[in-house]
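Trainee: Contents are PDB, C-alpha atoms (C1' of nucleotides); file name upload32.pdb:
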ATOM      1  CA  MET A 157      21.438 -53.456  18.493  1.00  0.00           C
ATOM      2  CA  ASP A 158      21.793 -50.205  20.438  1.00  0.00           C
ATOM      3  CA  LEU A 159      24.539 -47.632  20.412  1.00  0.00           C
ATOM      4  CA  SER A 160      26.183 -49.039  23.517  1.00  0.00           C
ATOM      5  CA  SER A 161      26.484 -52.446  21.872  1.00  0.00           C
ATOM      6  CA  ARG A 162      27.926 -51.164  18.632  1.00  0.00           C
ATOM      7  CA  ARG A 163      30.495 -49.200  20.591  1.00  0.00           C
ATOM      8  CA  GLN A 164      31.763 -52.500  21.960  1.00  0.00           C
ATOM      9  CA  LEU A 165      31.896 -54.442  18.702  1.00  0.00           C
ATOM     10  CA  PRO A 166      35.348 -55.936  17.975  1.00  0.00           C
ATOM     11  CA  LEU A 167      36.093 -54.399  14.583  1.00  0.00           C
ATOM     12  CA  PHE A 168      39.588 -53.036  14.056  1.00  0.00           C
ATOM     13  CA  SER A 169      43.007 -54.639  13.656  1.00  0.00           C
ATOM     14  CA  ILE A 170      45.942 -53.123  15.477  1.00  0.00           C
ATOM     15  CA  GLY A 171      47.138 -51.681  12.175  1.00  0.00           C
ATOM     16  CA  ILE A 172      43.976 -49.622  11.802  1.00  0.00           C
ATOM     17  CA  VAL A 173      44.124 -48.494  15.409  1.00  0.00           C
ATOM     18  CA  GLN A 174      47.699 -47.324  14.935  1.00  0.00           C
ATOM     19  CA  LYS A 175      46.533 -44.963  12.209  1.00  0.00           C
ATOM     20  CA  LEU A 176      43.439 -43.921  14.134  1.00  0.00           C
ATOM     21  CA  THR A 177      45.281 -43.063  17.337  1.00  0.00           C
ATOM     22  CA  GLY A 178      48.766 -42.186  16.182  1.00  0.00           C
ATOM     23  CA  LEU A 179      50.164 -44.657  18.719  1.00  0.00           C
ATOM     24  CA  THR A 180      52.665 -47.385  17.793  1.00  0.00           C
ATOM     25  CA  ALA A 181      51.708 -51.076  18.014  1.00  0.00           C
ATOM     26  CA  ARG A 182      54.240 -51.361  20.829  1.00  0.00           C
ATOM     27  CA  GLN A 183      52.505 -48.648  22.833  1.00  0.00           C
ATOM     28  CA  ILE A 184      49.039 -50.071  22.215  1.00  0.00           C
ATOM     29  CA  ARG A 185      50.126 -53.510  23.443  1.00  0.00           C
ATOM     30  CA  TYR A 186      51.931 -51.950  26.377  1.00  0.00           C
ATOM     31  CA  TYR A 187      48.853 -50.016  27.487  1.00  0.00           C
ATOM     32  CA  GLU A 188      46.824 -53.186  27.229  1.00  0.00           C
ATOM     33  CA  GLN A 189      49.258 -54.880  29.607  1.00  0.00           C
ATOM     34  CA  HIS A 190      48.641 -52.056  32.027  1.00  0.00           C
ATOM     35  CA  GLY A 191      44.888 -52.588  31.936  1.00  0.00           C
ATOM     36  CA  LEU A 192      44.010 -49.407  30.089  1.00  0.00           C
ATOM     37  CA  ILE A 193      42.147 -51.358  27.380  1.00  0.00           C
ATOM     38  CA  HIS A 194      40.821 -54.899  26.900  1.00  0.00           C
ATOM     39  CA  PRO A 195      40.550 -55.560  23.169  1.00  0.00           C
ATOM     40  CA  ALA A 196      38.861 -58.803  22.068  1.00  0.00           C
ATOM     41  CA  ARG A 197      40.812 -61.520  20.265  1.00  0.00           C
ATOM     42  CA  SER A 198      40.173 -63.319  17.009  1.00  0.00           C
ATOM     43  CA  GLU A 199      40.528 -67.095  16.770  1.00  0.00           C
ATOM     44  CA  GLY A 200      44.058 -66.544  15.617  1.00  0.00           C
ATOM     45  CA  LYS A 201      44.765 -64.554  18.777  1.00  0.00           C
ATOM     46  CA  GLN A 202      44.910 -61.263  16.934  1.00  0.00           C
ATOM     47  CA  ARG A 203      43.547 -58.223  18.760  1.00  0.00           C
ATOM     48  CA  LEU A 204      40.215 -56.779  17.637  1.00  0.00           C
ATOM     49  CA  PHE A 205      39.494 -53.268  18.906  1.00  0.00           C
ATOM     50  CA  SER A 206      36.089 -51.638  19.347  1.00  0.00           C
ATOM     51  CA  PHE A 207      35.176 -47.976  19.055  1.00  0.00           C
ATOM     52  CA  ALA A 208      35.272 -47.854  22.826  1.00  0.00           C
ATOM     53  CA  ASP A 209      38.837 -49.179  22.806  1.00  0.00           C
ATOM     54  CA  VAL A 210      39.884 -46.619  20.211  1.00  0.00           C
ATOM     55  CA  GLU A 211      38.329 -43.770  22.171  1.00  0.00           C
ATOM     56  CA  ARG A 212      40.094 -44.988  25.266  1.00  0.00           C
ATOM     57  CA  LEU A 213      43.403 -45.053  23.428  1.00  0.00           C
ATOM     58  CA  MET A 214      42.817 -41.543  22.166  1.00  0.00           C
ATOM     59  CA  ASP A 215      42.253 -40.422  25.752  1.00  0.00           C
ATOM     60  CA  VAL A 216      45.549 -42.041  26.704  1.00  0.00           C
ATOM     61  CA  ARG A 217      47.275 -40.278  23.806  1.00  0.00           C
ATOM     62  CA  SER A 218      45.793 -36.989  24.971  1.00  0.00           C
ATOM     63  CA  LEU A 219      46.973 -37.412  28.555  1.00  0.00           C
ATOM     64  CA  LEU A 220      50.451 -38.465  27.467  1.00  0.00           C
ATOM     65  CA  ASP A 221      50.641 -35.423  25.207  1.00  0.00           C
ATOM     66  CA  ASP A 222      49.705 -33.306  28.219  1.00  0.00           C
ATOM     67  CA  GLY A 223      52.729 -34.672  30.017  1.00  0.00           C
ATOM     68  CA  TYR A 224      51.280 -37.444  32.166  1.00  0.00           C
ATOM     69  CA  ASN A 225      53.354 -40.579  32.704  1.00  0.00           C
ATOM     70  CA  MET A 226      51.976 -44.131  32.839  1.00  0.00           C
ATOM     71  CA  SER A 227      50.994 -44.001  36.500  1.00  0.00           C
ATOM     72  CA  GLY A 228      49.413 -40.621  35.976  1.00  0.00           C
ATOM     73  CA  VAL A 229      47.355 -41.883  33.052  1.00  0.00           C
ATOM     74  CA  LYS A 230      46.289 -44.979  34.960  1.00  0.00           C
ATOM     75  CA  ALA A 231      45.224 -42.910  37.936  1.00  0.00           C
ATOM     76  CA  LYS A 232      43.310 -40.516  35.715  1.00  0.00           C
ATOM     77  CA  LEU A 233      41.575 -43.173  33.617  1.00  0.00           C
ATOM     78  CA  LEU A 234      41.053 -45.994  36.091  1.00  0.00           C
ATOM     79  CA  GLY A 235      38.842 -44.201  38.611  1.00  0.00           C
ATOM     80  CA  LYS A 236      41.265 -43.278  41.326  1.00  0.00           C
ATOM     81  CA  GLN A 237      39.497 -40.588  43.325  1.00  0.00           C
ATOM     82  CA  PRO A 238      40.782 -37.055  43.901  1.00  0.00           C
ATOM     83  CA  ASP A 239      42.748 -37.203  47.146  1.00  0.00           C
ATOM     84  CA  GLY A 240      43.092 -33.582  48.125  1.00  0.00           C
ATOM     85  CA  ALA A 241      46.887 -33.475  47.821  1.00  0.00           C
ATOM     86  CA  GLY A 242      48.447 -35.416  44.954  1.00  0.00           C
ATOM     87  CA  ALA A 243      45.701 -34.152  42.650  1.00  0.00           C
ATOM     88  CA  ALA A 244      46.568 -34.127  38.966  1.00  0.00           C
ATOM     89  CA  LYS A 245      48.378 -31.776  36.609  1.00  0.00           C
ATOM     90  CA  ALA A 246      51.249 -32.609  34.351  1.00  0.00           C
ATOM     91  CA  ASN A 247      54.551 -31.127  33.180  1.00  0.00           C
ATOM     92  CA  ASP A 248      57.855 -32.130  34.822  1.00  0.00           C
ATOM     93  CA  LYS A 249      57.922 -34.748  37.573  1.00  0.00           C
ATOM     94  CA  ALA A 250      54.741 -33.690  39.364  1.00  0.00           C
ATOM     95  CA  ALA A 251      52.830 -36.670  37.947  1.00  0.00           C
ATOM     96  CA  GLU A 252      54.668 -39.355  39.948  1.00  0.00           C
ATOM     97  CA  PRO A 253      52.603 -40.495  42.933  1.00  0.00           C
ATOM     98  CA  SER A 254      54.354 -40.180  46.269  1.00  0.00           C
ATOM     99  CA  ASP A 255      55.009 -43.332  48.283  1.00  0.00           C
ATOM    100  CA  ALA A 256      52.280 -42.186  50.680  1.00  0.00           C
ATOM    101  CA  GLU A 257      49.765 -41.871  47.851  1.00  0.00           C
ATOM    102  CA  LEU A 258      50.821 -45.244  46.518  1.00  0.00           C
ATOM    103  CA  TYR A 259      50.311 -46.922  49.900  1.00  0.00           C
ATOM    104  CA  LYS A 260      46.952 -45.240  50.363  1.00  0.00           C
ATOM    105  CA  TRP A 261      45.675 -46.234  46.917  1.00  0.00           C
ATOM    106  CA  LEU A 262      47.014 -49.780  47.220  1.00  0.00           C
ATOM    107  CA  GLN A 263      45.339 -50.169  50.586  1.00  0.00           C
ATOM    108  CA  GLU A 264      41.990 -49.059  49.143  1.00  0.00           C
ATOM    109  CA  GLU A 265      42.264 -51.453  46.214  1.00  0.00           C
ATOM    110  CA  LEU A 266      43.116 -54.370  48.467  1.00  0.00           C
ATOM    111  CA  GLN A 267      40.211 -53.654  50.803  1.00  0.00           C
ATOM    112  CA  ALA A 268      37.909 -53.507  47.784  1.00  0.00           C
ATOM    113  CA  GLY A 269      39.067 -56.966  46.738  1.00  0.00           C
ATOM    114  CA  GLN A 270      40.915 -55.605  43.734  1.00  0.00           C
ATOM    115  CA  THR A 271      44.270 -57.049  44.624  1.00  0.00           C
ATOM    116  CA  GLU A 272      44.858 -58.635  41.229  1.00  0.00           C
ATOM    117  CA  ARG A 273      44.120 -55.362  39.476  1.00  0.00           C
ATOM    118  CA  ALA A 274      46.317 -53.463  41.893  1.00  0.00           C
ATOM    119  CA  MET A 275      49.193 -55.861  41.266  1.00  0.00           C
ATOM    120  CA  SER A 276      49.020 -55.682  37.484  1.00  0.00           C
ATOM    121  CA  LEU A 277      48.518 -51.949  37.387  1.00  0.00           C
ATOM    122  CA  PHE A 278      51.314 -50.895  39.638  1.00  0.00           C
ATOM    123  CA  GLN A 279      54.059 -53.442  39.145  1.00  0.00           C
ATOM    124  CA  GLY A 280      56.373 -50.621  38.251  1.00  0.00           C
ATOM    125  CA  ASP A 281      55.488 -48.238  41.047  1.00  0.00           C
ATOM    126  CA  LEU A 282      55.142 -50.957  43.661  1.00  0.00           C
ATOM    127  CA  SER A 283      58.604 -52.288  42.929  1.00  0.00           C
ATOM    128  CA  ARG A 284      59.730 -48.959  44.325  1.00  0.00           C
ATOM    129  CA  LEU A 285      58.335 -50.017  47.681  1.00  0.00           C
ATOM    130  CA  TYR A 286      60.039 -53.402  47.790  1.00  0.00           C
ATOM    131  CA  ARG A 287      62.827 -53.942  50.280  1.00  0.00           C
ATOM    132  CA  ARG A 288      66.263 -53.814  48.734  1.00  0.00           C
ATOM    133  CA  ARG A 289      68.253 -56.988  49.305  1.00  0.00           C
TER     134      ARG A 289
ATOM    135  C1'  DA B 214      51.270 -58.745   4.002  1.00  0.00           C
ATOM    136  C1'  DT B 215      50.036 -58.481   9.168  1.00  0.00           C
ATOM    137  C1'  DT B 216      50.175 -59.419  13.831  1.00  0.00           C
ATOM    138  C1'  DC B 217      51.851 -62.014  17.999  1.00  0.00           C
ATOM    139  C1'  DT B 218      55.106 -62.823  21.925  1.00  0.00           C
ATOM    140  C1'  DA B 219      59.366 -62.316  24.039  1.00  0.00           C
ATOM    141  C1'  DA B 220      63.601 -60.263  24.524  1.00  0.00           C
ATOM    142  C1'  DC B 221      67.637 -56.817  24.123  1.00  0.00           C
ATOM    143  C1'  DA B 222      74.674 -55.521  19.960  1.00  0.00           C
TER     144       DA B 222
ATOM    145  C1'  DT C  65      59.817 -47.091  23.639  1.00  0.00           C
ATOM    146  C1'  DG C  66      62.186 -48.922  19.593  1.00  0.00           C
ATOM    147  C1'  DT C  67      63.360 -53.060  17.331  1.00  0.00           C
ATOM    148  C1'  DT C  68      63.873 -57.548  15.947  1.00  0.00           C
ATOM    149  C1'  DA C  69      63.575 -62.730  15.577  1.00  0.00           C
ATOM    150  C1'  DG C  70      60.628 -66.541  14.692  1.00  0.00           C
ATOM    151  C1'  DA C  71      56.037 -68.347  14.512  1.00  0.00           C
ATOM    152  C1'  DA C  72      51.162 -67.986  13.235  1.00  0.00           C
TER     153       DA C  72
END
Output the structure of this file as structure tokens.

Mentor:
Amino acid sequence: MDLSSRRQLPLFSIGIVQKLTGLTARQIRYYEQHGLIHPARSEGKQRLFSFADVERLMDVRSLLDDGYNMSGVKAKLLGKQPDGAGAAKANDKAAEPSDAELYKWLQEELQAGQTERAMSLFQGDLSRLYRRR
DNA sequence: ATTCTAACA
DNA sequence: TGTTAGAA
């Protein structure tokens, strides 16, 4: 049983993780829906978080505290490469990806066969690109 | 007592 | 994001 394995062991209830990360249960479940974490489940369907999950959540907390919004955090955490322009930073509204950046990223994901991931991760942003009826 | 999902006077 | 209802 190496370090890598122990880091992945499903050990904590959402209650513990709330205290460990300072996030609310609502936020933790919300971030899971956005693919930021993938906690295991007990037989009773209750979430079981590993050290890796907790660390991940703490990273999310950190980014949010620095002013990033959901799409900014997702881009930062889920390996979206540094495209010269829409780099990173935080504060005001600089974290929202432009439509051009969105199209570019979406195109890359689709070509890489990650369409399902792209759909779940950017439901919110993509809706911005839908045609208005 | 806790957590889960779904939904919003 | 908060909150809450109803079930597990």

Trainee: Measure the distance from CA of Arg203 (chain A) to CA of Asp215 (chain A) in Å and round it to one decimal.

Mentor: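 Rounded to one decimal, the two atoms are 19.2 Å apart.
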
Trainee: Contacts from chain B to chain A, 9 Å maximum, all atoms listed in the file: show me the residue list as a compact mmCIF listing (two decimals) with C-alpha atoms (C1' of nucleotides), keeping the file's coordinate frame.

Mentor:
# COMPACT_ATOMS: atom_id res chain seq x y z
C1' DT B 215 50.04 -58.48 9.17
C1' DT B 216 50.18 -59.42 13.83
C1' DC B 217 51.85 -62.01 18.00

Trainee: Evaluate the PyMOL selection byres ((chain C) within 12 of (chain A)) against this structure - the residues, as a list in words, please.

Mentor: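 After applying the PyMOL selection byres ((chain C) within 12 of (chain A)), what remains is DT65, DG66, DT67 and DA72 of chain C.
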
Trainee: Have a look at CA of Gln164 (chain A) and CA of Arg197 (chain A) and let me know their distance in Å, one decimal.

Mentor: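 Between these atoms lies a distance of 12.9 Å.
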
Trainee: In Å to one decimal, how far is CA of Leu179 (chain A) from CA of Phe205 (chain A)?

Mentor: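 Going from CA of Phe205 (chain A) over to CA of Leu179 (chain A) covers 13.7 Å.
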
Trainee: I'd like the residues picked by the PyMOL selection byres ((chain C and resi 70) around 12) written out as an mmCIF file with C-alpha atoms (C1' of nucleotides), in the frame of the given file, using the chain letters and numbers from the file.

Mentor:
data_model
loop_
_atom_site.group_PDB
_atom_site.id
_atom_site.type_symbol
_atom_site.label_atom_id
_atom_site.label_comp_id
_atom_site.auth_asym_id
_atom_site.auth_seq_id
_atom_site.Cartn_x
_atom_site.Cartn_y
_atom_site.Cartn_z
ATOM 1 C "C1'" DC B 217 51.851 -62.014 17.999
ATOM 2 C "C1'" DT B 218 55.106 -62.823 21.925
ATOM 3 C "C1'" DA B 219 59.366 -62.316 24.039
ATOM 4 C "C1'" DT C 68 63.873 -57.548 15.947
ATOM 5 C "C1'" DA C 69 63.575 -62.730 15.577
ATOM 6 C "C1'" DA C 71 56.037 -68.347 14.512
ATOM 7 C "C1'" DA C 72 51.162 -67.986 13.235
#

Trainee: Return as a list in words the set of residues that the PyMOL selection byres ((chain A and resi 213) around 9) yields on the displayed structure.

Mentor: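 Selected by the PyMOL selection byres ((chain A and resi 213) around 9) in this file: Val173, Thr177, Leu179, Ile184, Tyr187, Leu192, Ile193, Ala208, Asp209, Val210, Glu211, Arg212, Met214, Asp215, Val216, Arg217 and Ser218 of chain A.
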
Trainee: Centre and edge lengths of an axis-aligned box around all listed atoms of chain C, with 4 Å added on each side, are to be given in Å to one decimal, as AutoDock Vina command-line options.

Mentor:
--center_x 57.5 --center_y -57.7 --center_z 18.4 --size_x 20.7 --size_y 29.3 --size_z 18.4

Trainee: Write region 221-232 of chain A as a CSV table (one decimal), in the frame of the given file, completed to all heavy atoms.

Mentor:
chain,number,residue,atom,x,y,z
A,221,ASP,N,50.2,-36.7,25.9
A,221,ASP,CA,50.6,-35.4,25.2
A,221,ASP,C,50.6,-34.3,26.2
A,221,ASP,O,51.4,-33.3,26.1
A,221,ASP,CB,49.7,-35.1,24.1
A,221,ASP,CG,49.9,-36.0,22.9
A,221,ASP,OD1,50.9,-36.7,22.8
A,221,ASP,OD2,49.0,-36.1,22.0
A,222,ASP,N,49.8,-34.4,27.2
A,222,ASP,CA,49.7,-33.3,28.2
A,222,ASP,C,50.8,-33.5,29.3
A,222,ASP,O,50.9,-32.7,30.2
A,222,ASP,CB,48.3,-33.3,28.9
A,222,ASP,CG,47.2,-32.8,28.0
A,222,ASP,OD1,47.6,-32.0,27.1
A,222,ASP,OD2,46.1,-33.1,28.2
A,223,GLY,N,51.6,-34.5,29.1
A,223,GLY,CA,52.7,-34.7,30.0
A,223,GLY,C,52.6,-35.7,31.1
A,223,GLY,O,53.5,-35.9,31.9
A,224,TYR,N,51.5,-36.4,31.1
A,224,TYR,CA,51.3,-37.4,32.2
A,224,TYR,C,52.2,-38.6,31.9
A,224,TYR,O,52.4,-39.0,30.7
A,224,TYR,CB,49.8,-37.9,32.2
A,224,TYR,CG,48.9,-36.9,32.8
A,224,TYR,CD1,48.3,-35.9,32.1
A,224,TYR,CD2,48.5,-37.1,34.2
A,224,TYR,CE1,47.5,-35.0,32.7
A,224,TYR,CE2,47.7,-36.2,34.8
A,224,TYR,CZ,47.1,-35.1,34.1
A,224,TYR,OH,46.3,-34.2,34.7
A,225,ASN,N,52.6,-39.4,32.9
A,225,ASN,CA,53.4,-40.6,32.7
A,225,ASN,C,52.4,-41.7,32.9
A,225,ASN,O,51.2,-41.5,33.2
A,225,ASN,CB,54.5,-40.7,33.7
A,225,ASN,CG,54.0,-40.6,35.1
A,225,ASN,OD1,52.9,-40.9,35.4
A,225,ASN,ND2,54.8,-40.0,36.0
A,226,MET,N,52.8,-43.0,32.7
A,226,MET,CA,52.0,-44.1,32.8
A,226,MET,C,51.1,-44.1,34.1
A,226,MET,O,49.9,-44.3,34.1
A,226,MET,CB,52.8,-45.4,32.8
A,226,MET,CG,52.8,-46.1,31.5
A,226,MET,SD,51.1,-46.6,31.0
A,226,MET,CE,50.7,-45.4,29.9
A,227,SER,N,51.8,-44.0,35.3
A,227,SER,CA,51.0,-44.0,36.5
A,227,SER,C,50.0,-42.9,36.6
A,227,SER,O,48.9,-43.0,37.1
A,227,SER,CB,51.9,-44.0,37.7
A,227,SER,OG,53.0,-43.2,37.5
A,228,GLY,N,50.3,-41.7,36.0
A,228,GLY,CA,49.4,-40.6,36.0
A,228,GLY,C,48.2,-40.9,35.1
A,228,GLY,O,47.1,-40.7,35.5
A,229,VAL,N,48.4,-41.5,34.0
A,229,VAL,CA,47.4,-41.9,33.1
A,229,VAL,C,46.5,-42.9,33.7
A,229,VAL,O,45.2,-42.8,33.6
A,229,VAL,CB,47.9,-42.5,31.7
A,229,VAL,CG1,46.8,-42.9,30.9
A,229,VAL,CG2,48.7,-41.4,31.0
A,230,LYS,N,47.1,-43.9,34.3
A,230,LYS,CA,46.3,-45.0,35.0
A,230,LYS,C,45.4,-44.4,36.1
A,230,LYS,O,44.2,-44.8,36.2
A,230,LYS,CB,47.2,-46.1,35.5
A,230,LYS,CG,47.8,-46.9,34.5
A,230,LYS,CD,48.6,-48.1,35.0
A,230,LYS,CE,49.9,-47.6,35.5
A,230,LYS,NZ,50.8,-48.8,35.9
A,231,ALA,N,46.0,-43.5,36.8
A,231,ALA,CA,45.2,-42.9,37.9
A,231,ALA,C,44.1,-42.1,37.4
A,231,ALA,O,42.9,-42.2,37.9
A,231,ALA,CB,46.1,-42.0,38.7
A,232,LYS,N,44.3,-41.4,36.3
A,232,LYS,CA,43.3,-40.5,35.7
A,232,LYS,C,42.2,-41.3,35.1
A,232,LYS,O,41.0,-41.0,35.3
A,232,LYS,CB,44.0,-39.7,34.6
A,232,LYS,CG,43.2,-38.5,34.2
A,232,LYS,CD,43.2,-37.3,35.1
A,232,LYS,CE,42.5,-36.1,34.6
A,232,LYS,NZ,42.5,-35.0,35.5
